[in-house]
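J.: Take a look at protein.cif, mmCIF, C-alpha atoms and all ligand atoms:
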data_upload
loop_
_atom_site.label_atom_id
_atom_site.label_comp_id
_atom_site.auth_asym_id
_atom_site.auth_seq_id
_atom_site.Cartn_x
_atom_site.Cartn_y
_atom_site.Cartn_z
CA MET A 1 31.55 -80.13 -82.76
CA LYS A 2 29.32 -77.55 -81.06
CA VAL A 3 29.69 -77.15 -77.31
CA LEU A 4 27.36 -75.16 -75.07
CA VAL A 5 28.97 -74.03 -71.82
CA LEU A 6 26.53 -72.92 -69.15
CA GLY A 7 28.18 -70.41 -66.82
CA PHE A 8 31.35 -68.43 -67.37
CA GLY A 9 33.01 -68.38 -63.99
CA PRO A 10 36.60 -69.65 -63.96
CA ALA A 11 35.50 -73.18 -64.90
CA GLY A 12 33.46 -72.19 -67.96
CA SER A 13 36.02 -69.68 -69.22
CA SER A 14 38.81 -72.23 -68.81
CA VAL A 15 36.91 -74.67 -71.01
CA ALA A 16 36.77 -71.98 -73.70
CA ILE A 17 40.38 -70.83 -73.33
CA ALA A 18 41.78 -74.35 -73.59
CA SER A 19 39.40 -75.68 -76.25
CA PRO A 20 40.80 -77.01 -79.54
CA ASN A 21 40.44 -74.57 -82.49
CA ASP A 22 38.10 -76.81 -84.44
CA ILE A 23 35.48 -76.99 -81.69
CA GLU A 24 32.83 -74.27 -81.59
CA ILE A 25 32.26 -73.03 -78.05
CA TYR A 26 29.10 -71.11 -77.08
CA LEU A 27 29.17 -69.54 -73.62
CA TYR A 28 26.04 -68.57 -71.78
CA ASP A 29 25.62 -67.02 -68.33
CA VAL A 30 22.48 -65.79 -66.60
CA LEU A 31 24.33 -62.66 -65.53
CA GLU A 32 25.82 -59.98 -67.74
CA ARG A 33 29.16 -60.58 -66.17
CA PRO A 34 30.43 -63.12 -63.67
CA ARG A 35 29.54 -62.18 -60.14
CA SER A 36 30.54 -65.14 -58.02
CA PHE A 37 31.29 -64.21 -54.48
CA CYS A 38 34.43 -65.60 -53.03
CA ALA A 39 37.11 -64.88 -50.44
CA GLY A 40 39.57 -64.82 -53.35
CA GLY A 41 42.45 -66.60 -51.65
CA LEU A 42 44.96 -68.40 -53.84
CA THR A 43 47.88 -70.10 -52.19
CA ILE A 44 51.27 -69.99 -53.82
CA TRP A 45 50.68 -73.59 -54.89
CA ASP A 46 47.36 -72.69 -56.48
CA ILE A 47 49.06 -69.86 -58.35
CA ARG A 48 51.85 -72.07 -59.64
CA GLU A 49 49.36 -74.53 -61.04
CA ILE A 50 47.00 -71.95 -62.51
CA GLU A 51 49.81 -70.01 -64.18
CA GLY A 52 51.02 -73.26 -65.68
CA TYR A 53 47.84 -73.45 -67.75
CA GLY A 54 48.93 -70.53 -69.89
CA PRO A 55 49.57 -66.77 -70.17
CA GLN A 56 45.84 -65.98 -70.05
CA PHE A 57 45.65 -67.33 -66.52
CA LYS A 58 48.81 -65.54 -65.45
CA LYS A 59 47.34 -62.31 -66.76
CA ALA A 60 44.13 -62.85 -64.79
CA ILE A 61 46.05 -63.34 -61.56
CA ASN A 62 48.27 -60.31 -62.21
CA LYS A 63 45.37 -58.01 -63.03
CA ALA A 64 43.15 -59.17 -60.20
CA THR A 65 45.69 -59.33 -57.39
CA MET A 66 44.65 -57.14 -54.50
CA THR A 67 47.33 -58.10 -52.07
CA TYR A 68 49.83 -60.73 -51.05
CA ALA A 69 48.94 -62.45 -47.83
CA LYS A 70 52.05 -62.57 -45.72
CA GLU A 71 50.63 -63.67 -42.43
CA ALA A 72 47.94 -65.94 -41.20
CA GLU A 73 46.46 -66.48 -37.81
CA ILE A 74 44.19 -69.14 -36.50
CA LEU A 75 42.23 -68.11 -33.49
CA GLY A 76 40.44 -70.24 -30.96
CA LYS A 77 38.54 -69.50 -27.81
CA SER A 78 41.38 -69.82 -25.37
CA LYS A 79 44.63 -67.88 -25.42
CA LYS A 80 46.45 -71.14 -25.81
CA ALA A 81 44.66 -71.79 -29.05
CA ARG A 82 45.97 -68.64 -30.66
CA ILE A 83 48.61 -69.05 -33.28
CA TYR A 84 50.30 -66.56 -35.44
CA ILE A 85 52.29 -67.58 -38.43
CA ASN A 86 54.51 -65.28 -40.32
CA ALA A 87 55.30 -66.52 -43.77
CA LYS A 88 58.91 -65.43 -43.47
CA ASP A 89 59.47 -67.85 -40.60
CA HIS A 90 58.61 -70.64 -42.94
CA LYS A 91 60.89 -69.52 -45.74
CA LEU A 92 57.91 -68.68 -47.89
CA LYS A 93 57.81 -65.47 -49.83
CA SER A 94 54.14 -65.22 -49.10
CA LEU A 95 51.23 -67.48 -48.29
CA GLY A 96 49.52 -66.51 -51.51
CA VAL A 97 47.47 -63.77 -53.06
CA ILE A 98 44.02 -62.39 -52.57
CA ILE A 99 42.34 -61.62 -55.83
CA ASN A 100 39.36 -59.53 -56.79
CA ARG A 101 37.09 -62.19 -58.24
CA ARG A 102 35.12 -59.88 -60.48
CA ILE A 103 38.25 -58.69 -62.22
CA PHE A 104 39.72 -62.19 -62.32
CA ASP A 105 36.61 -63.69 -63.93
CA LEU A 106 36.31 -60.82 -66.42
CA VAL A 107 39.92 -61.10 -67.56
CA LEU A 108 39.47 -64.84 -68.11
CA LEU A 109 36.27 -64.26 -70.05
CA LYS A 110 37.92 -61.62 -72.23
CA GLU A 111 40.82 -63.96 -72.91
CA ALA A 112 38.36 -66.68 -73.91
CA LEU A 113 36.59 -64.30 -76.28
CA LYS A 114 39.83 -63.48 -78.08
CA ARG A 115 39.64 -66.93 -79.57
CA ASN A 116 37.92 -67.26 -82.95
CA ASN A 117 36.01 -70.38 -81.96
CA VAL A 118 34.39 -68.85 -78.86
CA GLU A 119 31.19 -66.82 -78.73
CA VAL A 120 28.93 -65.50 -75.96
CA LEU A 121 25.22 -66.15 -76.41
CA LYS A 122 22.81 -63.39 -75.47
CA THR A 123 19.99 -65.84 -74.94
CA ARG A 124 20.10 -69.51 -74.17
CA LEU A 125 19.52 -71.45 -77.34
CA ASP A 126 17.92 -74.82 -77.77
CA GLN A 127 20.25 -77.35 -76.14
CA ARG A 128 19.48 -79.91 -78.85
CA LYS A 129 21.51 -77.88 -81.32
CA TYR A 130 24.67 -78.74 -79.46
CA ASP A 131 26.69 -81.94 -79.48
CA VAL A 132 27.90 -81.42 -75.93
CA VAL A 133 26.64 -79.40 -72.95
CA VAL A 134 28.98 -78.36 -70.15
CA ASP A 135 27.55 -77.45 -66.77
CA ALA A 136 29.73 -74.75 -65.19
CA ARG A 137 26.90 -73.08 -63.27
CA GLY A 138 28.66 -73.21 -59.92
CA MET A 139 26.68 -73.44 -56.72
CA SER A 140 23.32 -73.19 -58.46
CA SER A 141 23.78 -76.61 -60.03
CA LEU A 142 25.12 -78.64 -57.13
CA PRO A 143 23.95 -82.22 -57.38
CA LYS A 144 21.20 -83.09 -54.98
CA LEU A 145 23.32 -83.57 -51.92
CA PRO A 146 22.11 -84.23 -48.37
CA ASP A 147 22.06 -81.14 -46.11
CA ASP A 148 25.04 -82.53 -44.24
CA ASP A 149 27.13 -82.29 -47.40
CA ILE A 150 26.34 -78.66 -48.11
CA GLU A 151 28.04 -75.74 -46.45
CA LEU A 152 26.07 -72.56 -46.05
CA VAL A 153 28.36 -69.58 -46.48
CA ALA A 154 27.67 -66.00 -45.51
CA GLN A 155 30.10 -63.28 -46.44
CA ALA A 156 30.07 -59.57 -45.58
CA TYR A 157 32.19 -57.06 -47.47
CA VAL A 158 33.20 -54.52 -44.85
CA ASP A 159 34.67 -51.16 -45.76
CA VAL A 160 37.27 -50.76 -43.03
CA GLY A 161 39.86 -48.60 -44.79
CA TYR A 162 43.40 -49.56 -43.94
CA LEU A 163 44.16 -53.28 -43.82
CA GLU A 164 47.04 -55.58 -43.04
CA PRO A 165 47.92 -58.33 -45.54
CA LYS A 166 46.87 -60.93 -43.00
CA LEU A 167 44.32 -63.72 -43.08
CA ALA A 168 42.47 -65.09 -40.10
CA ILE A 169 40.57 -68.32 -39.61
CA THR A 170 38.62 -68.59 -36.40
CA PHE A 171 36.87 -71.26 -34.40
CA TRP A 172 34.89 -69.63 -31.62
CA LYS A 173 32.38 -72.14 -30.46
CA ASP A 174 30.65 -69.72 -28.12
CA LEU A 175 29.66 -67.58 -31.10
CA SER A 176 28.55 -70.60 -33.06
CA LYS A 177 28.66 -74.20 -31.88
CA THR A 178 29.66 -75.41 -35.31
CA GLY A 179 31.28 -73.73 -38.23
CA TYR A 180 34.11 -71.26 -38.61
CA PHE A 181 34.88 -67.67 -39.50
CA TRP A 182 37.37 -66.12 -41.86
CA GLU A 183 38.80 -62.73 -42.68
CA PHE A 184 40.29 -62.11 -46.10
CA PRO A 185 41.45 -58.55 -46.79
CA GLU A 186 41.43 -56.76 -50.11
CA VAL A 187 44.18 -54.38 -49.12
CA LYS A 188 44.00 -52.08 -52.16
CA SER A 189 40.27 -51.45 -51.83
CA GLY A 190 40.21 -51.39 -48.03
CA ILE A 191 37.50 -54.06 -48.04
CA LEU A 192 37.65 -56.85 -45.52
CA LYS A 193 35.74 -60.00 -46.43
CA VAL A 194 34.39 -61.47 -43.23
CA GLY A 195 32.75 -64.84 -43.62
CA PHE A 196 31.00 -67.54 -41.69
CA GLY A 197 30.37 -71.10 -42.83
CA MET A 198 28.40 -73.95 -41.31
CA SER A 199 26.76 -77.13 -42.53
CA LEU A 200 23.26 -76.71 -43.91
CA LYS A 201 22.07 -79.48 -41.62
CA GLU A 202 23.27 -77.60 -38.55
CA PHE A 203 21.73 -74.42 -39.88
CA ARG A 204 18.34 -76.05 -40.25
CA LYS A 205 18.63 -77.55 -36.77
CA ARG A 206 19.66 -74.35 -35.01
CA ARG A 207 17.90 -71.76 -37.15
CA VAL A 208 20.65 -69.24 -36.51
CA ASP A 209 20.77 -65.72 -37.91
CA MET A 210 24.05 -65.84 -39.82
CA ARG A 211 24.29 -62.10 -40.24
CA LYS A 212 23.86 -61.48 -36.52
CA ILE A 213 26.56 -64.03 -35.77
CA LEU A 214 28.87 -62.32 -38.24
CA GLU A 215 28.18 -58.95 -36.64
CA LYS A 216 28.96 -60.36 -33.18
CA TYR A 217 32.18 -61.77 -34.58
CA MET A 218 33.09 -58.36 -35.96
CA VAL A 219 32.52 -56.71 -32.60
CA ARG A 220 34.74 -59.25 -30.87
CA ARG A 221 37.48 -58.79 -33.44
CA GLY A 222 37.21 -55.00 -33.27
CA ILE A 223 36.23 -54.79 -36.94
CA SER A 224 34.35 -51.58 -37.57
CA GLY A 225 33.13 -50.33 -40.90
CA LYS A 226 30.12 -50.31 -43.13
CA ILE A 227 28.90 -53.60 -44.56
CA VAL A 228 28.72 -52.65 -48.24
CA GLU A 229 27.58 -56.05 -49.44
CA TYR A 230 26.32 -59.22 -47.80
CA LYS A 231 25.72 -62.51 -49.55
CA VAL A 232 24.73 -66.02 -48.63
CA GLY A 233 25.45 -69.05 -50.78
CA ARG A 234 26.22 -72.73 -50.75
CA LEU A 235 29.35 -74.77 -51.23
CA PRO A 236 29.75 -78.53 -51.42
CA LEU A 237 31.04 -79.96 -48.17
CA THR A 238 31.73 -83.38 -49.51
CA LYS A 239 34.35 -85.11 -51.53
CA PRO A 240 33.56 -85.15 -55.22
CA LYS A 241 32.92 -88.45 -56.91
CA LEU A 242 33.87 -89.44 -60.41
CA GLU A 243 30.21 -89.67 -61.36
CA TYR A 244 29.71 -86.00 -60.44
CA LEU A 245 31.90 -85.12 -63.44
CA TYR A 246 29.39 -86.46 -65.91
CA GLN A 247 25.66 -86.56 -65.32
CA GLY A 248 24.16 -86.49 -68.77
CA MET A 249 26.39 -83.47 -69.40
CA PHE A 250 29.96 -82.64 -68.48
CA LYS A 251 30.43 -80.93 -65.16
CA VAL A 252 33.31 -78.71 -64.15
CA GLY A 253 34.20 -76.63 -61.09
CA THR A 254 31.74 -76.22 -58.24
CA SER A 255 28.93 -77.92 -60.14
CA ALA A 256 31.03 -81.11 -59.94
CA CYS A 257 31.66 -80.48 -56.19
CA LEU A 258 35.30 -79.69 -56.91
CA VAL A 259 35.74 -77.50 -53.85
CA ASP A 260 38.07 -78.36 -51.03
CA PRO A 261 35.82 -79.37 -48.13
CA LEU A 262 38.27 -78.04 -45.56
CA THR A 263 39.27 -74.68 -46.96
CA GLY A 264 36.44 -73.91 -49.37
CA ALA A 265 39.05 -73.34 -52.07
CA GLY A 266 37.85 -74.14 -55.56
CA ILE A 267 39.26 -71.71 -58.12
CA ARG A 268 42.21 -73.96 -58.82
CA TYR A 269 39.97 -77.00 -59.33
CA ALA A 270 37.52 -75.04 -61.47
CA ILE A 271 40.36 -74.11 -63.80
CA ARG A 272 41.92 -77.55 -63.68
CA SER A 273 38.68 -79.33 -64.55
CA GLY A 274 37.81 -76.84 -67.32
CA PHE A 275 41.27 -77.23 -68.78
CA MET A 276 41.20 -81.04 -68.55
CA LEU A 277 37.79 -81.25 -70.17
CA ALA A 278 38.85 -79.09 -73.12
CA ARG A 279 42.09 -81.04 -73.45
CA SER A 280 40.16 -84.32 -73.53
CA GLY A 281 38.38 -83.06 -76.65
CA PHE A 282 35.11 -83.51 -74.71
CA ARG A 283 35.59 -87.25 -74.51
CA LYS A 284 33.97 -88.69 -71.42
CA ASP A 285 36.39 -91.55 -70.74
CA ARG A 286 39.44 -89.39 -71.13
CA TYR A 287 38.06 -86.57 -68.97
CA LEU A 288 37.10 -88.98 -66.17
CA ASN A 289 40.48 -90.63 -66.38
CA ASP A 290 42.39 -87.34 -66.30
CA MET A 291 40.43 -86.17 -63.27
CA LYS A 292 40.66 -89.45 -61.36
CA GLU A 293 43.71 -88.48 -59.35
CA THR A 294 42.21 -85.12 -58.42
CA VAL A 295 39.06 -86.76 -57.14
CA GLU A 296 41.06 -89.30 -55.13
CA LEU A 297 43.09 -86.54 -53.50
CA PHE A 298 39.92 -84.94 -52.19
CA GLY A 299 39.10 -88.18 -50.38
CA LYS A 300 42.12 -87.76 -48.14
CA ARG A 301 41.37 -84.14 -47.44
CA TYR A 302 37.78 -84.89 -46.58
CA ARG A 303 38.88 -86.73 -43.47
CA ILE A 304 40.49 -83.59 -42.10
CA LYS A 305 37.28 -81.68 -42.58
CA LYS A 306 35.26 -84.28 -40.75
CA ILE A 307 37.64 -84.15 -37.82
CA LEU A 308 37.47 -80.38 -37.52
CA TRP A 309 33.81 -80.08 -38.18
CA GLN A 310 32.77 -82.59 -35.59
CA MET A 311 35.29 -81.67 -32.97
CA PRO A 312 33.82 -80.31 -29.74
CA GLN A 313 35.53 -77.27 -28.21
CA SER A 314 36.94 -79.36 -25.37
CA LEU A 315 38.84 -81.35 -27.96
CA VAL A 316 40.09 -78.26 -29.68
CA ASP A 317 41.30 -76.93 -26.36
CA LYS A 318 42.59 -80.05 -24.69
CA SER A 319 43.27 -82.99 -26.92
CA LEU A 320 46.04 -81.38 -28.84
CA GLU A 321 48.02 -84.53 -29.20
CA ALA A 322 45.13 -86.35 -30.78
CA LEU A 323 44.68 -83.54 -33.25
CA GLU A 324 48.35 -83.43 -34.06
CA LYS A 325 48.37 -87.15 -34.54
CA GLN A 326 45.47 -87.01 -36.94
CA PHE A 327 47.10 -84.37 -39.02
CA ASN A 328 50.42 -86.13 -39.01
CA ILE A 329 48.85 -89.21 -40.47
CA LEU A 330 47.41 -87.15 -43.24
CA ILE A 331 50.45 -85.03 -43.77
CA ASP A 332 52.50 -88.19 -44.21
CA LYS A 333 50.29 -89.04 -47.11
CA ILE A 334 50.02 -85.60 -48.63
CA ASP A 335 52.89 -83.42 -49.63
CA PRO A 336 52.49 -80.41 -47.28
CA ALA A 337 53.40 -78.16 -50.17
CA GLU A 338 50.26 -79.43 -51.85
CA PHE A 339 48.14 -78.58 -48.89
CA PRO A 340 49.21 -75.43 -47.10
CA GLN A 341 46.09 -75.26 -45.00
CA SER A 342 46.87 -78.55 -43.32
CA TRP A 343 50.33 -77.22 -42.76
CA LEU A 344 48.79 -74.24 -41.00
CA LEU A 345 46.62 -76.51 -38.93
CA LYS A 346 49.51 -78.75 -38.07
CA ASN A 347 51.06 -75.70 -36.49
CA PHE A 348 47.86 -74.93 -34.68
CA TYR A 349 49.40 -75.14 -31.21
C1 LIG B 1 32.18 -67.30 -49.58
C2 LIG B 1 33.08 -68.07 -50.50
C3 LIG B 1 34.45 -68.00 -50.33
C4 LIG B 1 35.30 -68.70 -51.20
N1 LIG B 1 36.64 -68.55 -51.04
C5 LIG B 1 37.49 -69.13 -51.91
C6 LIG B 1 38.89 -68.89 -51.82
O1 LIG B 1 39.36 -68.15 -50.97
N2 LIG B 1 39.70 -69.52 -52.71
C7 LIG B 1 39.21 -70.33 -53.69
O2 LIG B 1 39.99 -70.89 -54.47
N3 LIG B 1 37.89 -70.57 -53.79
C8 LIG B 1 37.03 -69.98 -52.94
N4 LIG B 1 35.67 -70.19 -53.05
C9 LIG B 1 35.20 -71.15 -54.07
C10 LIG B 1 35.19 -70.53 -55.45
O3 LIG B 1 34.44 -69.34 -55.44
C11 LIG B 1 34.57 -71.52 -56.42
O4 LIG B 1 35.21 -72.75 -56.30
C12 LIG B 1 34.73 -71.05 -57.86
O5 LIG B 1 34.05 -69.84 -58.07
C13 LIG B 1 34.18 -72.11 -58.81
O6 LIG B 1 34.16 -71.64 -60.12
P1 LIG B 1 33.02 -72.12 -61.13
O7 LIG B 1 33.38 -71.50 -62.43
O8 LIG B 1 32.85 -73.58 -61.03
O9 LIG B 1 31.67 -71.50 -60.59
P2 LIG B 1 31.26 -69.98 -60.31
O10 LIG B 1 32.45 -69.14 -60.11
O11 LIG B 1 30.25 -70.03 -59.23
O12 LIG B 1 30.57 -69.53 -61.67
C14 LIG B 1 29.32 -70.02 -62.06
C15 LIG B 1 28.72 -69.11 -63.11
O13 LIG B 1 27.54 -69.74 -63.61
C16 LIG B 1 26.52 -68.76 -63.74
N5 LIG B 1 25.21 -69.40 -63.68
C17 LIG B 1 24.50 -69.78 -62.59
N6 LIG B 1 23.34 -70.35 -62.95
C18 LIG B 1 23.31 -70.36 -64.31
C19 LIG B 1 22.39 -70.82 -65.27
N7 LIG B 1 21.24 -71.39 -64.92
N8 LIG B 1 22.69 -70.68 -66.58
C20 LIG B 1 23.84 -70.09 -66.96
N9 LIG B 1 24.76 -69.63 -66.09
C21 LIG B 1 24.50 -69.76 -64.78
C22 LIG B 1 26.79 -67.78 -62.61
O14 LIG B 1 26.22 -66.52 -62.90
C23 LIG B 1 28.33 -67.74 -62.57
O15 LIG B 1 28.86 -66.72 -63.39
C24 LIG B 1 34.78 -69.51 -52.22
C25 LIG B 1 33.39 -69.59 -52.39
C26 LIG B 1 32.55 -68.87 -51.56
C27 LIG B 1 31.08 -68.94 -51.79
#
Please express what this file holds, its structure, as structure tokens.
Ligand SMILES: Cc1cc2nc3c(=O)[nH]c(=O)nc-3n(C[C@H](O)[C@H](O)[C@H](O)COP(=O)(O)OP(=O)(O)OC[C@H]3O[C@@H](n4cnc5c(N)ncnc54)[C@H](O)[C@@H]3O)c2cc1C
T.:
Amino acid sequence: MKVLVLGFGPAGSSVAIASPNDIEIYLYDVLERPRSFCAGGLTIWDIREIEGYGPQFKKAINKATMTYAKEAEILGKSKKARIYINAKDHKLKSLGVIINRRIFDLVLLKEALKRNNVEVLKTRLDQRKYDVVVDARGMSSLPKLPDDDIELVAQAYVDVGYLEPKLAITFWKDLSKTGYFWEFPEVKSGILKVGFGMSLKEFRKRRVDMRKILEKYMVRRGISGKIVEYKVGRLPLTKPKLEYLYQGMFKVGTSACLVDPLTGAGIRYAIRSGFMLARSGFRKDRYLNDMKETVELFGKRYRIKKILWQMPQSLVDKSLEALEKQFNILIDKIDPAEFPQSWLLKNFY
């Protein structure tokens, strides 16, 4: 069987790494090397799962690790809304790692290419020559979703020098009525990734200048340094459906909307889906069946996102009980260890 894999981010490379020996895998990417932009956060639960897929994945995490995030803070407008969580208080060694995505993706690709059945194509060949096509093209192949289901993400790479291994997630509604900010440090390189995400629908309505908003955020947070890179992209802001996994071709990772609508995290799901597809031997029924549980899990998480996204500032500030209640309902259903971000949010006040 000949399989063409379009895109070699984590999803595409995972397909190749986990593919059976007797299947020929041809990888093709529009770029010379993977260049996805990403905050690079992997929780300790993400790491456990990813490492479980084999030594190649463990190697990628080890080589690409920039820092261990030991602390996280969630900031709101009022003083009351400020929280500060130290991982040690919660008997966790660390909240997770921040990886350099370029290194991570390259290590995975190199590991894939060590296999005899895997080859990189220099030019895209006629798709009809292949028995199966896998779409791992990430954000550029998102299914035609309504604007409301797309998150517009802007991320600046700021050279600030010395950094603390601390993450921050911020909701300051006076800077932007909807959306949120994040700070993910790459301690070893002294680069702070400062991001801002909002729904595409809101963006079209308000016509905001995302870069200006990010710059205002940086001033408020006292972040000074040169912006060495600035990128804008899209992420799915909706729960994936089973039918997104197969639309005339197999879909893995972001192209199947496998990104957590609350946290934006998707590396784990990119690898999981790539691995599952290869393990299914590229059989549609088996792949859909193996991914069913994953897709169902997203449904529960989606509710949290909706709550946060639509919540007016007065609710964030005042209706703490309601918020707590909402999260408790969800946390009852989800093992908190499976969803550290909801655990952070549960401790919001
Ligand atoms: C700002 C931001 C922050 C994020 N933060 C996190 C985080 O902290 N933690 C986390 O887990 N996830 C995070 N994510 C999500 C994560 O980046 C994605 O879930 C992950 O990269 C998905 O992997 P993928 O292989 O599906 O797609 P990608 O990594 O996007 O790879 C797709 C590949 O396809 C290639 N390609 C595109 N078009 C074509 C084409 N026509 N033909 C061939 N190849 C093509 C691209 O060049 C690329 O190499 C973040 C995303 C963004 C945008």
J.: At a cut-off of 7 Å around ligand LIG 1 (chain B), and using all atoms listed in the file, what residues come up? Please write them as a PyMOL selection string.
T.: chain A and resi 6-12+28-31+33-42+136-141+153-155+195+233-235+252-255+258-259+264-268+270
J.: Determine the nearest neighbour of A:Val3 from the options A:Asp260, A:Val107, A:Phe196, A:Phe250, counting all atoms listed in the file.
T.: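 Of A:Asp260, A:Val107, A:Phe196, A:Phe250, the one nearest A:Val3, counting all atoms listed in the file, is A:Phe250.
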J.: Which value, in Å to one decimal, gives the distance between atom CA of A:Thr294 and atom CA of A:Glu243?
T.: 13.2 Å
J.: Between atom CA of A:Tyr68 and atom CA of A:Thr43, what is the spacing in Å?
T.: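 Atom CA of A:Thr43 sits 9.6 Å away from atom CA of A:Tyr68.
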J.: I'd like the interatomic distance between atom CA of A:Leu245 and atom CA of A:Arg286, to a tenth of an Å.
T.: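 Atom CA of A:Arg286 lies at a distance of 11.6 Å from atom CA of A:Leu245.
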